[in-house]
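The next block holds one structure in the form of structure tokens; read it before the comments.
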2 protein chains.
Amino acid sequence: MNKPEKLPHFRVVGTNPIRPDGLDKVTGRAVYGDDFKIAGMLHGKVLRSPHAHARIKSIDTRRAAKLPGVRAIITGADFPKPSVAMVPMGEGGYVDMNDTADNVIAKGKAFYDGHVIAAVAADNPHIAEEAVALIDVKYEVLPPVMDVRSAMAPGAAVLHETFNPGAFFMKTHKVLPNASRLELGAGDVARGFKEADVIVEREFTTETVHQGYIESHICTAQWDERGQVTIWTTTQGAFAIRDQVAIVCAVPMSHVRVVPLEIGGGFGGKDTAYIEPLAAMLAKKADRPVKVVMSRAESLRATGPSSGTFIRAKMGAKKDGTLVAADLSFAYEAGGFPGGPIAAGVLTSITRYNIPNVRLEGFDVLVNKPKVKPYRAPGATQSNFAVEQVMNQLAEKLGMDPVEFRIRNAMKTGDRLILGFPCPPVGGVEMLEAVKKHPHYKAPLGKNQGRGVAFSFWFGAGLTSSAELSVNSDGTVQMCTGSCDLSGTRLTLAMQAAEALGIDVEDVSPTIGDTHSVGYTLQSVGSRTTFATGIAVYEAAQKVLKEMAGRAALLWETDPANVAVDRGDFTDMNNPAHRFTFRELADKLEHSGGPVSAQSTVTPERVGFQLAAHLVDIEVDTETGKVDILRYTAFQDAGKAVHPDFVAGQIQGGVVQGLGWALNEEFWYDAKGRLCNASLLDYRMPIALDVPMIDVVILETPNPGHPFGVRGVGEVPIVPPAAAVANAIYDAIGVRMDALPMKPGRVLQKIKEQKSAAA
Amino acid sequence: MNKPEKLPHFRVVGTNPIRPDGLDKVTGRAVYGDDFKIAGMLHGKVLRSPHAHARIKSIDTRRAAKLPGVRAIITGADFPKPSVAMVPMGEGGYVDMNDTADNVIAKGKAFYDGHVIAAVAADNPHIAEEAVALIDVKYEVLPPVMDVRSAMAPGAAVLHETFNPGAFFMKTHKVLPNASRLELGAGDVARGFKEADVIVEREFTTETVHQGYIESHICTAQWDERGQVTIWTTTQGAFAIRDQVAIVCAVPMSHVRVVPLEIGGGFGGKDTAYIEPLAAMLAKKADRPVKVVMSRAESLRATGPSSGTFIRAKMGAKKDGTLVAADLSFAYEAGGFPGGPIAAGVLTSITRYNIPNVRLEGFDVLVNKPKVKPYRAPGATQSNFAVEQVMNQLAEKLGMDPVEFRIRNAMKTGDRLILGFPCPPVGGVEMLEAVKKHPHYKAPLGKNQGRGVAFSFWFGAGLTSSAELSVNSDGTVQMCTGSCDLSGTRLTLAMQAAEALGIDVEDVSPTIGDTHSVGYTLQSVGSRTTFATGIAVYEAAQKVLKEMAGRAALLWETDPANVAVDRGDFTDMNNPAHRFTFRELADKLEHSGGPVSAQSTVTPERVGFQLAAHLVDIEVDTETGKVDILRYTAFQDAGKAVHPDFVAGQIQGGVVQGLGWALNEEFWYDAKGRLCNASLLDYRMPIALDVPMIDVVILETPNPGHPFGVRGVGEVPIVPPAAAVANAIYDAIGVRMDALPMKPGRVLQKIKEQKSAAA
């Protein structure tokens with residue numbers, strides 16, 4: 001693989017071409033989940049538990065079945081035992097498929113408000129809805145467990161008599177009736193704190209938040225006569241959905257075809273099969289295609305949010321600004337089934353600083369909320385909220401500039417990581433220096449205004465991707481990958497193909513294959529698509545060029561070793577008159593051995609770390625407690641920005657989501673564990689009026705694990721905003737925030753406490 | 001590549017599993033051309049020339065455009081100049097794309113009854129039809145040229161002032177205003193005939209016939225907002241249609257996506273874009289999806305039939321039965337544009353016999369009929385009808401058994417072919433010996449009953465195919481190829497994947513990709529799919545096994561060279577306890593480097609020749625001239641029959657089509673060149689009552705060009721029936737037939753001539 005430093009210059013990478021899917025999307029022609037319709041289609045609706053924790057005593061579907069137009073009713077009893085117990089999922093972890101199956105539809109017990117009890121397929125959605133209301137369910141209501149601390153307290157109601165501790169990167173071990181635990185560390189923490197001249201110790205809480213993608217979950221399922229089911233769905237990963245449906249419905253994977261439609265946002269929340277197995281089972285029972293559309297309320301009540309947390313953070317540093325010890329304990333909600341982002345939360349908490357003595361403890365805690373799902377850099381925002389505030393406090397105690405303090409401790413290329421391996425090339429120090437030098441950092445501030453900084457890290461993911469390239473005789477190229485396009489990756493992949501082949505990006509026609517037509521490709525998560533699928537595209541392009549060089553050799557009657565290939569330029573090193581452009585040679589393939597196609601399936605391991613530093617100016621309305629964002633500058637290392645405008649868009653989107661998490665978003669549950677704000681009116685995500693233009697500074701420290709130096713960019717920008725805003729609030733009005741969201745009431749409370757303490 | 005002789009035994013190849021698409025097809029669930037519907041779809045109808053040869057003076061669409069519900073009208077003027085002048089097509093030849101474009105829609109001149117003049121898209125088919133009738137066209141009617149002899153006669157009306165001589169395998173040279181010519185030969189023909197003890201010289205004619213596929217041509221086209229058109233069509237080759245549409249509509253190939261639907265028969269007639277460019281242009285003009293359905297009459301009037309011919313055959317043999325000379329001249333209809341199957345007709349005429357002195361001459365003749373298309377072993381049936389009758393006559397003159405005479409002269413492995421290369425492994429002698437030994441050959445015959453034999457050859461084709469295999473964690477496998485399935489090739493390809501991987505065929509899920517999702521694959525023609533795409537599947541399977549062996553090595557901590565792979569069984573040669581089945585190892589791929597997918601694009605050249613010998617018993621009703629088929633045994637070498645039932649089905653289907661050609665089928669044109677029998681009532685194809693059970697004897701001489709020894713089987717069975725029946729009629733009643741079809745009137749005429757000659 002070419003090393004980035006060997007590439008003389010980029011022709012396509014680094015430019016900002018127009019996305020090929022853009023026009024179809026703005027004109028409404030693109031087919032999203034709800035745009036897909038099929039003849040004879042029934043409509044499915046779902047009965048959901050109104051109780052957060054309840055034993056299901058009986059389900060009587062007789063009245064519903066009698067309603068004219070009802071074609072099928074399913075309950076948990078219609079589902080077989082999953083065909084596989086444990087499967088690899090997402091970012092290196094495993095999922096207990098019995099849990100996945102029980103999360104799809106309750107069997108004996110409902111674990112959260114909105115947990116599926118039964119589903120109906122009927123001639124139209126209204127009949128289905130009416131039928132759902134006619135299903136009689138008898139519950140034994142159990143006390144709900146609604147936050148990590150009460151779930152871990154003695155005497156808490158127990159969700160699962162037994163469970164398989166979930167893992168996400170790492171294994172956890174069951175230590176409490178509702179919790180499992182992991183721990184890792186380095187050095188001697190007690191000694192480290194003894195060496196420390198300043199120590200900060202604090203507690204933090206964060207609330208459950210949702211990814212809030214614009215498009216809800218929508219799918220349609222249809223069986224053929226030989227028992228193969230096709231599912232059209234809006235998803236981040238067609239193969240992930242396929243595998244889950246196959247296992248939960250106990251059919252061979254080869255009998256499930258998942259066709260990914262356009263996706264209206266995912267952010268980590270759209271690679272779990274929620275309604276797909278329901279649609280499949282209803283369609284099978286009714287022997288008709290069935291479409292299931294989740295309402296916004298259903299999506300908020302019953303699809304994976306990110307964990308609410310409780311965090312204890314203690315860190316110490318020496319006078320010279322050297323961090324010497326960190327003792328961090330994290331409890332993350334898992335929701336109704338084990339397996340939240342605890343490992344990622346713990347591991348990303350301090351992996352950007354060199355700290356010799358560390359203890360990191362994490363709890364994966366069962367609560368009566370929907371099973372949590374990854375949400376953009378899963379787990380990192382919560383731990384960052386804690387650690388980056390403590391960092392600022394330490395800097396204050398040391399009398400150091402907070403950025404300077406971070407530079408002093410920043411992880412550098414080759415430093416030993418807590419995971420045991422040396423840090424791959426990173427530009428953390430360079431980024432923090434850029435922050436310091438940026439005009440924003442020294443700009444004047446007014447009354448009740450403050451500036452905050454936060455520095456963040458995310459691993460990113462590699463995982464398996466496939467790409468296929470076919471050369472057409474007119475020199476254009478088909479490119480098919482298995483990666484669902486959440487953010488313009490059709491284009492960023494086509495750009496990499498064009499770069500590698502030396503052709504214009506307009507000459508590459510990108511397509512997303514379904515699970516029956518493309519090589520195995522894991523989901524578009526972990527900021528991995530432009531990186532990992534990009535490598536698959538690059539490798540396929542190398543195969544194409546090699547094959548084409550062989551054809552040139554054939555036509556020139558020379559040895560392939562004599563053909564020099566500079567991307568799409570082929571020359572005979574022994575005869576300068578022999579020269580083909582890509583297009584010229586493409587035209588000659590048919591009669592020199594046939595058209596050329598090549599495929600590559602890769603599982604890259606040299607993932608480039610993502611680092612981001614954010615700088616925010618805020619103003620606090622001290623009468624209402626409302627925090628306004630005045631100015632925001634996000635610094636991020638893209639490795640190499642394939643499409644700088646898209647990178648900026650990813651960063652801006654991540655920041656806005658992070659600001660929502662920081663200031664407004666939270667699930668409100670009542671005492672019975674019922675979600676009270678299951679609408680986008682009440683679940684308050686930021687709108688355009690809430691944020692200024694987000695300024696973006698893209699840095700480029702090439703990732704040697706990618707031929708063009710690419711790093712993932714999508715996830716880390718959500719991580720710093722909460723901490724940066726908290727630091728800015730302290731800078732503005734001198735109060736330390738210890739809970740998310742930092743909503744007006746909470747800020748006002750802090751101001752009141754400050755006043756009464758001063759009084 | 002494994003040689004067939006090295007394969008110990010077959011587990012899957014050679015069995016008869018149930019086809020995966022069967023149930024969907026018999027229950028009507030499969031989506032054929034007309035089953036495809038899309039929201040907002042308009043309906044296209046076509047105005048066709050009522051004249052066989054006419055200059056178009058003017059086209060006035062104003063009245064049609066005013067009809068409410070009409071959304072777009074196109075004429076030849078709406079089409080750009082094709083973006084490419086000449087393209088490779090089909091079996092190694094070239095096609096002049098200006099001719100293709102002019103065949104799609106007439107520009108200035110109509111060349112046959114049914115030639116497209118204009119097309120209309122409207123809200124429903126009725127309005128479209130009404131609008132078509134409102135288009136006013138002024139023609140200058142020209143004299144039509146309706147058969148090869150009058151086309152080549154001095155003073156014949158000239159179709160094209162200039163033309164690019166078409167080629168199919170070989171180049172031809174323009175020698176007459178309406179004809180181009182090719183010639184090849186060996187030895188000294190004059191001397192050969194001097195050596196001959198017996199000589200037979202005869203003339204033959206055959207009529208234009210149609211492939212008669214059950215499903216007509218039907219397609220739907222839709223453009224997206226960035227100028228990419230998707231076409232859903234019933235075709236033998238999605239890439240072929242794509243390339244033609246791209247060139248005729250002058251858009252980049254990457255902007256045309258062809259999705260192949262199920263196909264209700266093709267037989268060589270469904271890889272030309274007839275209505276696809278019309279639908280595309282209508283859809284573009286109307287900015288709505290447009291569906292075009294050809295009626296049966298349109299299909300018969302205006303899609304490629306096979307050539308009517310005029311043939312002169314002179315052959316000589318020595319007393320000992322050795323053929324010494326052949327002088328053969330063939331004139332084949334090309335239809336309204338050059339490029340019929342003349343080269344194939346000429347080359348297959350004698351390529352099964354060793355004849356030292358040969359002259360072969362072929363004329364590709366323009367006539368005012370639809371441009372001819374390949375029809376199952378294109379060109380071979382016609383030349384075989386001549387040569388195999390002459391062979392029988394020579395045998396009779398020599399007093400030899402006709403099969404013995406053929407054995408004496410049969411081409412054997414390694415014999416030098418007229419094309420200049422040695423004959424690849426064939427089992428012709430063995431086949432003819434099998435005929436002689438078969439009970440059918442000696443069975444008693446009654447009055448007016450006769451037995452005929454014919455021996456035939458077909459090249460088959462290689463060409464480019466792609467296949468992709470993806471291993472699922474449950475051990476099942478996705479297989480995607482680009483080959484449209486005309487005859488069960490989904491299954492014969494899945495069987496080869498299963499054989500190569502050592503798994504059950506039920507564990508392979510076959511899919512046909514569209515042009516955007518699968519590697520370049522040429523059309524399903526030339527009996528090539530099971531052979532050539534089979535090799536692509538096999539090669540992809542070898543890549544999968546190699547990758548999996550590497551994973552086994554990783555898991556066993558040994559060198560990949562130590563892992564023995566016997567199809568799907570992996571063993572550590574240094575540790576017999578280390579053993580994986582395919583399924584066991586499939587489950588471990590995710591965590592040993594990621595799921596495995598592999599692709600292969602191949603263009604195999606070592607195509608196995610197809611040989612067939614047919615034996616037919618007939619009875620002539622001497623009062624009506626009607627010929628009944630009493631018994632039929634078809635011998636054919638399949639190389640290795642992947643699915644013997646399918647091979648038998650191919651042979652039976654080919655025989656029935658050959659019998660239709662022999663006895664009934666012909667285009668009837670009136671004096672003005674209008675097709676009079678453009679319906680399946682009047683174009684009389686055989687029905688079940690017309691044929692007895694066709695007995696099949698499958699022989700297996702492995703083709704070393706395929707890992708399992710496979711040869712194509714689909715085409716050659718159509719070749720012998722006409723000649724075999726002609727020989728049987730002579731055997732029954734002593735008349736020599738010299739024209740196809742051998743319909744009752746023609747046989748009766750021969751009987752009358754025989755009687756008057758005897759009187």
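Residues are named by chain letter and number: chains run A, B, ... in the order of the structure tokens, numbers start at 1 in each chain, and ligands are numbered from 1 in the order shown.
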
With 8 Å as the limit and counting only C-alpha atoms, what residues in chain B lie close to chain A? Please list them as a ChimeraX atom specification. /B:20-21,23-24,27,29,88,224-226,252-255,463-464,466,468-472,474,476-480,507-513,516-520,590,593-603

Using all C-alpha atoms matched in sequence order, least-squares fit chain B onto chain A and give the RMSD rounded to one decimal in Å.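 Pairing the C-alpha atoms in order and fitting gives 0.0 Å.
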
### Message
List as number ranges by chain the protein and nucleic acid residues near Thr624 in chain A, meaning an atom at most 12 Å away when only C-alpha atoms are counted, but skip any in the same chain fewer than 5 places from it.
### Response
A: 619, 743-752

Pull all heavy atoms from the residues just selected and write them as a short mmCIF file (atom, residue, chain, number, x, y, z; two decimals), in the first residue's frame.
```cif
data_model
loop_
_atom_site.label_atom_id
_atom_site.label_comp_id
_atom_site.auth_asym_id
_atom_site.auth_seq_id
_atom_site.Cartn_x
_atom_site.Cartn_y
_atom_site.Cartn_z
N GLU A 619 -22.81 32.90 26.98
CA GLU A 619 -23.27 33.95 27.89
C GLU A 619 -24.39 33.36 28.73
O GLU A 619 -25.28 32.68 28.21
CB GLU A 619 -23.78 35.16 27.10
CG GLU A 619 -24.31 36.27 28.00
CD GLU A 619 -24.56 37.58 27.23
OE1 GLU A 619 -23.98 37.74 26.14
OE2 GLU A 619 -25.36 38.38 27.73
N LYS A 743 -29.40 22.84 31.96
CA LYS A 743 -30.61 23.57 31.57
C LYS A 743 -30.80 24.77 32.49
O LYS A 743 -30.17 24.85 33.56
CB LYS A 743 -31.80 22.62 31.65
CG LYS A 743 -31.95 21.89 32.97
CD LYS A 743 -33.03 20.81 32.89
CE LYS A 743 -33.07 20.00 34.20
NZ LYS A 743 -34.03 18.90 34.14
N PRO A 744 -31.63 25.69 32.07
CA PRO A 744 -31.76 26.94 32.84
C PRO A 744 -32.00 26.72 34.33
O PRO A 744 -31.35 27.34 35.18
CB PRO A 744 -32.96 27.63 32.16
CG PRO A 744 -32.89 27.15 30.73
CD PRO A 744 -32.41 25.73 30.83
N GLY A 745 -32.90 25.83 34.68
CA GLY A 745 -33.22 25.61 36.10
C GLY A 745 -32.01 25.18 36.90
O GLY A 745 -31.78 25.61 38.03
N ARG A 746 -31.22 24.30 36.26
CA ARG A 746 -30.04 23.77 36.95
C ARG A 746 -28.98 24.86 37.12
O ARG A 746 -28.33 24.95 38.17
CB ARG A 746 -29.52 22.59 36.13
CG ARG A 746 -28.53 21.73 36.83
CD ARG A 746 -28.37 20.38 36.12
NE ARG A 746 -29.26 19.36 36.65
CZ ARG A 746 -29.64 18.28 35.97
NH1 ARG A 746 -29.25 18.10 34.71
NH2 ARG A 746 -30.43 17.39 36.54
N VAL A 747 -28.80 25.68 36.09
CA VAL A 747 -27.84 26.77 36.19
C VAL A 747 -28.30 27.78 37.24
O VAL A 747 -27.51 28.25 38.07
CB VAL A 747 -27.65 27.46 34.81
CG1 VAL A 747 -26.76 28.70 34.93
CG2 VAL A 747 -27.06 26.47 33.80
N LEU A 748 -29.60 28.07 37.20
CA LEU A 748 -30.18 29.00 38.18
C LEU A 748 -29.97 28.50 39.61
O LEU A 748 -29.63 29.28 40.52
CB LEU A 748 -31.67 29.17 37.88
CG LEU A 748 -32.32 30.50 38.18
CD1 LEU A 748 -31.57 31.66 37.53
CD2 LEU A 748 -33.78 30.50 37.71
N GLN A 749 -30.16 27.22 39.80
CA GLN A 749 -29.95 26.61 41.10
C GLN A 749 -28.51 26.82 41.56
O GLN A 749 -28.25 27.17 42.71
CB GLN A 749 -30.28 25.10 41.00
CG GLN A 749 -30.10 24.30 42.28
CD GLN A 749 -31.03 24.77 43.38
OE1 GLN A 749 -32.15 25.27 43.12
NE2 GLN A 749 -30.59 24.65 44.63
N LYS A 750 -27.57 26.62 40.62
CA LYS A 750 -26.15 26.82 40.94
C LYS A 750 -25.86 28.27 41.32
O LYS A 750 -25.09 28.55 42.24
CB LYS A 750 -25.28 26.43 39.72
CG LYS A 750 -25.10 24.93 39.56
CD LYS A 750 -24.03 24.43 40.53
CE LYS A 750 -23.89 22.91 40.43
NZ LYS A 750 -23.01 22.40 41.47
N ILE A 751 -26.52 29.17 40.58
CA ILE A 751 -26.34 30.60 40.88
C ILE A 751 -26.88 30.91 42.28
O ILE A 751 -26.25 31.62 43.07
CB ILE A 751 -27.03 31.47 39.80
CG1 ILE A 751 -26.28 31.31 38.46
CG2 ILE A 751 -27.08 32.94 40.22
CD1 ILE A 751 -27.00 31.95 37.27
N LYS A 752 -28.05 30.32 42.59
CA LYS A 752 -28.63 30.53 43.94
C LYS A 752 -27.70 29.99 45.02
O LYS A 752 -27.47 30.65 46.03
CB LYS A 752 -29.98 29.81 44.03
CG LYS A 752 -31.12 30.60 43.40
CD LYS A 752 -32.44 29.85 43.60
CE LYS A 752 -33.54 30.48 42.75
NZ LYS A 752 -34.64 29.52 42.50
#
```

I need the residues in range 441-487 of chain A that are strand (DSSP E or B) according to DSSP; give them as a list in words.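 In range 441-487 of chain A, DSSP puts these residues in strand (DSSP E or B): Gln449, Gly450, Arg451, Gly452, Val453, Ala454, Phe455, Ser456, Phe457, Trp458, Ser465, Ser466, Ala467, Glu468, Leu469, Ser470, Val471, Val477, Gln478, Met479, Cys480 and Thr481 of chain A.
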
| field | From A:Pro692, A:Gly14, A:Pro125, A:Pro720, residue lying nearest Phe708 in chain A [only C-alpha atoms] | value |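 For Phe708 in chain A, the nearest of the candidates is A:Gly14.
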
*Please provide the set of residues having any atom within 8 Å of His440 in chain B, restricted to only C-alpha atoms, with same-chain residues fewer than 2 positions apart removed, written as a list in words.*
His438, Lys442, Ala443, Leu615 and Thr633 of chain B

Suppose we keep C-alpha atoms; can you now write the selection as a PDB file, in the first residue's frame?
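To be explicit, this is the file written out as selection15.pdb:
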```
ATOM      1  CA  HIS B 438     -28.969 -47.599 -29.151  1.00  0.00           C
ATOM      2  CA  LYS B 442     -32.610 -50.751 -34.988  1.00  0.00           C
ATOM      3  CA  ALA B 443     -36.245 -50.532 -33.896  1.00  0.00           C
ATOM      4  CA  LEU B 615     -32.302 -39.884 -34.175  1.00  0.00           C
ATOM      5  CA  THR B 633     -33.650 -39.685 -29.191  1.00  0.00           C
TER       6      THR B 633
END
```

Which neighbours of Arg48 in chain B fall inside 10 Å, counting only C-alpha atoms, when residues of the same chain fewer than 6 positions from it are skipped, and could you give them as a list in words?
-> Ile105, Ala106, Ala110, Tyr112, Asp113, Gly114, His115, Val116, Ile117, Ala118, Ala119, Val132, Glu298, Arg301 and Ala302 of chain B

For this session: Assign secondary structure with DSSP using the backbone only, and return the residues of range 217-377 of chain B in helix (DSSP H, G or I) as a PyMOL selection string.
Result: chain B and resi 238-248+253-255+276-286+296-302+342-350
